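S.K.: Supplied structure: start_33.cif, mmCIF, C-alpha atoms.
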data_my_file
#
loop_
_atom_site.label_atom_id
_atom_site.label_comp_id
_atom_site.auth_asym_id
_atom_site.auth_seq_id
_atom_site.Cartn_x
_atom_site.Cartn_y
_atom_site.Cartn_z
CA MET Z 97 170.06 137.92 135.02
CA THR Z 98 167.68 137.66 132.09
CA ASP Z 99 168.93 135.69 129.10
CA SER Z 100 168.67 138.18 126.23
CA ARG Z 101 168.34 135.38 123.68
CA TYR Z 102 164.72 134.93 124.76
CA PHE Z 103 163.58 138.50 125.22
CA CYS Z 104 163.63 141.23 122.64
CA ASN Z 105 162.55 144.77 123.45
CA HIS Z 106 160.42 146.18 120.62
CA GLY Z 107 159.54 149.49 122.30
CA PRO Z 108 159.04 152.20 123.05
CA PHE Z 109 155.26 152.20 122.91
CA SER Z 110 152.88 154.99 123.85
CA LEU Z 111 150.49 154.61 126.75
CA SER Z 112 147.55 154.85 124.31
CA ALA Z 113 148.97 152.08 122.09
CA LEU Z 114 149.45 149.77 125.07
CA ALA Z 115 145.95 150.51 126.35
CA ALA Z 116 144.51 149.63 122.93
CA LEU Z 117 146.61 146.46 122.80
CA VAL Z 118 145.31 145.17 126.14
CA GLY Z 119 141.76 146.48 125.70
CA GLY Z 120 142.03 148.78 128.70
CA SER Z 121 141.02 152.36 129.33
CA VAL Z 122 143.17 155.28 130.44
CA PRO Z 123 141.75 157.63 133.08
CA GLU Z 124 141.38 161.28 132.20
CA GLY Z 125 144.50 163.30 132.90
CA CYS Z 126 147.04 160.63 131.93
CA ASP Z 127 149.48 161.47 129.15
CA LEU Z 128 148.40 159.25 126.26
CA ASP Z 129 151.66 160.03 124.43
CA MET Z 130 153.87 158.87 127.33
CA LEU Z 131 156.51 156.50 125.96
CA LEU Z 132 157.19 153.29 127.83
CA HIS Z 133 160.35 151.41 126.94
CA ASP Z 134 160.06 148.14 128.84
CA VAL Z 135 158.16 146.01 131.34
CA ALA Z 136 159.35 145.52 134.92
CA PRO Z 137 158.09 144.21 138.27
CA LEU Z 138 156.42 146.83 140.45
CA SER Z 139 159.28 146.87 142.95
CA LEU Z 140 161.97 147.44 140.28
CA ALA Z 141 160.20 149.52 137.64
CA LYS Z 142 161.44 152.94 136.56
CA ARG Z 143 159.56 155.95 135.14
CA ASN Z 144 159.97 154.74 131.55
CA GLN Z 145 158.60 151.26 132.30
CA ILE Z 146 155.18 149.68 132.72
CA SER Z 147 154.12 147.05 135.22
CA PHE Z 148 150.88 145.40 136.28
CA LEU Z 149 149.03 144.59 139.49
CA ASP Z 150 146.93 141.45 139.50
CA ASN Z 151 147.28 140.25 143.10
CA ARG Z 152 146.32 142.27 146.20
CA LYS Z 153 149.37 140.74 147.90
CA TYR Z 154 151.47 143.28 145.97
CA GLN Z 155 149.40 146.34 146.90
CA ALA Z 156 152.25 147.82 148.98
CA ASP Z 157 154.68 147.40 146.07
CA PHE Z 158 152.14 149.12 143.83
CA ALA Z 159 151.69 152.04 146.22
CA SER Z 160 155.44 152.66 146.37
CA SER Z 161 156.35 151.77 142.77
CA ASN Z 162 158.32 154.11 140.52
CA ALA Z 163 156.75 152.66 137.38
CA GLY Z 164 155.62 155.25 134.87
CA ALA Z 165 152.46 153.27 134.19
CA CYS Z 166 150.64 150.22 135.48
CA ILE Z 167 147.87 147.96 134.22
CA VAL Z 168 145.46 147.57 137.12
CA SER Z 169 141.90 146.54 137.91
CA PRO Z 170 139.31 149.26 138.58
CA GLY Z 171 139.18 148.42 142.30
CA MET Z 172 142.93 148.81 142.82
CA ALA Z 173 143.40 152.07 140.90
CA LYS Z 174 142.82 154.16 144.04
CA TYR Z 175 146.06 152.80 145.56
CA ALA Z 176 148.26 154.13 142.73
CA PRO Z 177 151.06 156.49 143.75
CA PRO Z 178 150.77 160.11 142.57
CA GLY Z 179 151.93 160.65 139.02
CA MET Z 180 151.61 157.03 137.86
CA ALA Z 181 149.65 156.62 134.63
CA LEU Z 182 147.13 153.80 134.68
CA ILE Z 183 145.57 151.43 132.22
CA ILE Z 184 142.36 150.13 133.74
CA SER Z 185 141.57 146.53 132.82
CA ALA Z 186 139.21 143.88 134.19
CA SER Z 187 142.06 141.38 133.68
CA PRO Z 188 145.40 143.11 134.34
CA TYR Z 189 147.44 139.89 134.06
#
Could you write out this file's structure as structure tokens?

M.R.:
Amino acid sequence: MTDSRYFCNHGPFSLSALAALVGGSVPEGCDLDMLLHDVAPLSLAKRNQISFLDNRKYQADFASSNAGACIVSPGMAKYAPPGMALIISASPY
């Protein structure tokens, strides 16, 4: 279990605000006003959470993730599950 003394949730944040924060771009068709409430690993994320993919080893987790959004490199975007919003970044981590 996460020790809440060290982590404070300051969200929700819109997809567009997060994209601006990380210097990424959002593909056409994604809801820029989507609100994301927290960060979670790909395998545990829910629709109101964001995750990231930085290692090809987790491609299967990415393809089956329930995350509402994910920060991902341009080359991995094609493996996103339907309906997942993306933030494209050269350095997702």

S.K.: Calculate, to one decimal in Å, the centre and edge lengths of the box along x, y and z of the file that holds all listed atoms of segment 126-133 of chain Z with 5 Å of margin on each side, and present them as lines of an AutoDock Vina configuration file.

M.R.:
center_x = 153.7
center_y = 156.4
center_z = 128.2
size_x = 23.3
size_y = 20.1
size_z = 17.5

S.K.: Z:Ser147, Z:Asn105, Z:Ser160, Z:Ser185: which is nearest Val118 of chain Z, counting only C-alpha atoms?

M.R.: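 Distance minimum relative to Val118 of chain Z lands on Z:Ser185.
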
S.K.: Any idea what's packed within 12 Å of Leu131 of chain Z, counting all atoms listed in the file, ignoring anything in its chain fewer than 6 positions away? Could you give it as a compact mmCIF listing (two decimals) with C-alpha atoms, keeping the file's coordinate frame?

M.R.:
# COMPACT_ATOMS: atom_id res chain seq x y z
CA GLY Z 107 159.54 149.49 122.30
CA PRO Z 108 159.04 152.20 123.05
CA PHE Z 109 155.26 152.20 122.91
CA SER Z 110 152.88 154.99 123.85
CA LEU Z 111 150.49 154.61 126.75
CA SER Z 112 147.55 154.85 124.31
CA ALA Z 113 148.97 152.08 122.09
CA LEU Z 114 149.45 149.77 125.07
CA ARG Z 143 159.56 155.95 135.14
CA ASN Z 144 159.97 154.74 131.55
CA GLN Z 145 158.60 151.26 132.30
CA ILE Z 146 155.18 149.68 132.72
CA GLY Z 164 155.62 155.25 134.87
CA ALA Z 165 152.46 153.27 134.19
CA ALA Z 181 149.65 156.62 134.63

S.K.: For atom CA of Gln155 of chain Z and atom CA of Met180 of chain Z, determine how far apart the two atoms are, in Å to one decimal place.

M.R.: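 Spanning atom CA of Gln155 of chain Z to atom CA of Met180 of chain Z is a straight-line distance of 14.2 Å.
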
S.K.: In terms of the shortest atom-to-atom distance over only C-alpha atoms, which of Z:Lys153, Z:Cys104, Z:Pro188, Z:Ile183 is closest to Pro123 of chain Z?

M.R.: Z:Ile183

S.K.: Taking all heavy atoms as the atom set, what does segment 158-169 of chain Z look like once completed, written as a compact mmCIF listing (two decimals), in the frame of the given file?

M.R.:
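The result, written out as selection38.txt:
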# COMPACT_ATOMS: atom_id res chain seq x y z
N PHE Z 158 152.82 148.23 144.77
CA PHE Z 158 152.14 149.12 143.83
C PHE Z 158 152.15 150.55 144.36
O PHE Z 158 152.51 151.48 143.65
CB PHE Z 158 150.70 148.62 143.62
CG PHE Z 158 149.84 149.48 142.75
CD1 PHE Z 158 150.24 149.86 141.48
CD2 PHE Z 158 148.60 149.89 143.20
CE1 PHE Z 158 149.42 150.63 140.67
CE2 PHE Z 158 147.77 150.65 142.39
CZ PHE Z 158 148.18 151.03 141.13
N ALA Z 159 151.79 150.71 145.61
CA ALA Z 159 151.69 152.04 146.22
C ALA Z 159 153.03 152.77 146.28
O ALA Z 159 153.07 154.00 146.28
CB ALA Z 159 151.08 151.94 147.61
N SER Z 160 154.12 152.03 146.29
CA SER Z 160 155.44 152.66 146.37
C SER Z 160 156.26 152.51 145.08
O SER Z 160 157.43 152.87 145.04
CB SER Z 160 156.23 152.06 147.54
OG SER Z 160 156.48 150.69 147.31
N SER Z 161 155.64 152.02 144.03
CA SER Z 161 156.35 151.77 142.77
C SER Z 161 156.75 153.06 142.07
O SER Z 161 156.05 154.07 142.14
CB SER Z 161 155.46 150.94 141.84
OG SER Z 161 156.13 150.69 140.61
N ASN Z 162 157.85 153.00 141.36
CA ASN Z 162 158.32 154.11 140.52
C ASN Z 162 157.97 153.91 139.06
O ASN Z 162 158.45 154.65 138.20
CB ASN Z 162 159.84 154.29 140.67
CG ASN Z 162 160.22 154.81 142.03
OD1 ASN Z 162 159.57 155.70 142.56
ND2 ASN Z 162 161.26 154.25 142.60
N ALA Z 163 157.15 152.91 138.76
CA ALA Z 163 156.75 152.66 137.38
C ALA Z 163 156.06 153.89 136.80
O ALA Z 163 155.33 154.59 137.51
CB ALA Z 163 155.80 151.46 137.30
N GLY Z 164 156.29 154.13 135.53
CA GLY Z 164 155.62 155.25 134.87
C GLY Z 164 154.16 154.96 134.64
O GLY Z 164 153.32 155.86 134.64
N ALA Z 165 153.85 153.68 134.45
CA ALA Z 165 152.46 153.27 134.19
C ALA Z 165 152.24 151.86 134.74
O ALA Z 165 153.20 151.10 134.94
CB ALA Z 165 152.16 153.31 132.70
N CYS Z 166 150.98 151.54 134.95
CA CYS Z 166 150.64 150.22 135.48
C CYS Z 166 149.27 149.81 134.93
O CYS Z 166 148.36 150.63 134.82
CB CYS Z 166 150.61 150.26 137.00
SG CYS Z 166 150.47 148.64 137.75
N ILE Z 167 149.16 148.54 134.60
CA ILE Z 167 147.87 147.96 134.22
C ILE Z 167 147.27 147.42 135.51
O ILE Z 167 147.90 146.63 136.22
CB ILE Z 167 148.05 146.83 133.19
CG1 ILE Z 167 148.81 147.35 131.97
CG2 ILE Z 167 146.68 146.28 132.77
CD1 ILE Z 167 149.27 146.27 131.01
N VAL Z 168 146.05 147.85 135.81
CA VAL Z 168 145.46 147.57 137.12
C VAL Z 168 143.95 147.43 136.99
O VAL Z 168 143.33 147.98 136.08
CB VAL Z 168 145.86 148.71 138.10
CG1 VAL Z 168 145.31 150.04 137.66
CG2 VAL Z 168 145.47 148.40 139.52
N SER Z 169 143.35 146.69 137.90
CA SER Z 169 141.90 146.54 137.91
C SER Z 169 141.25 147.81 138.44
O SER Z 169 141.88 148.58 139.17
CB SER Z 169 141.48 145.35 138.78
OG SER Z 169 141.80 145.60 140.13
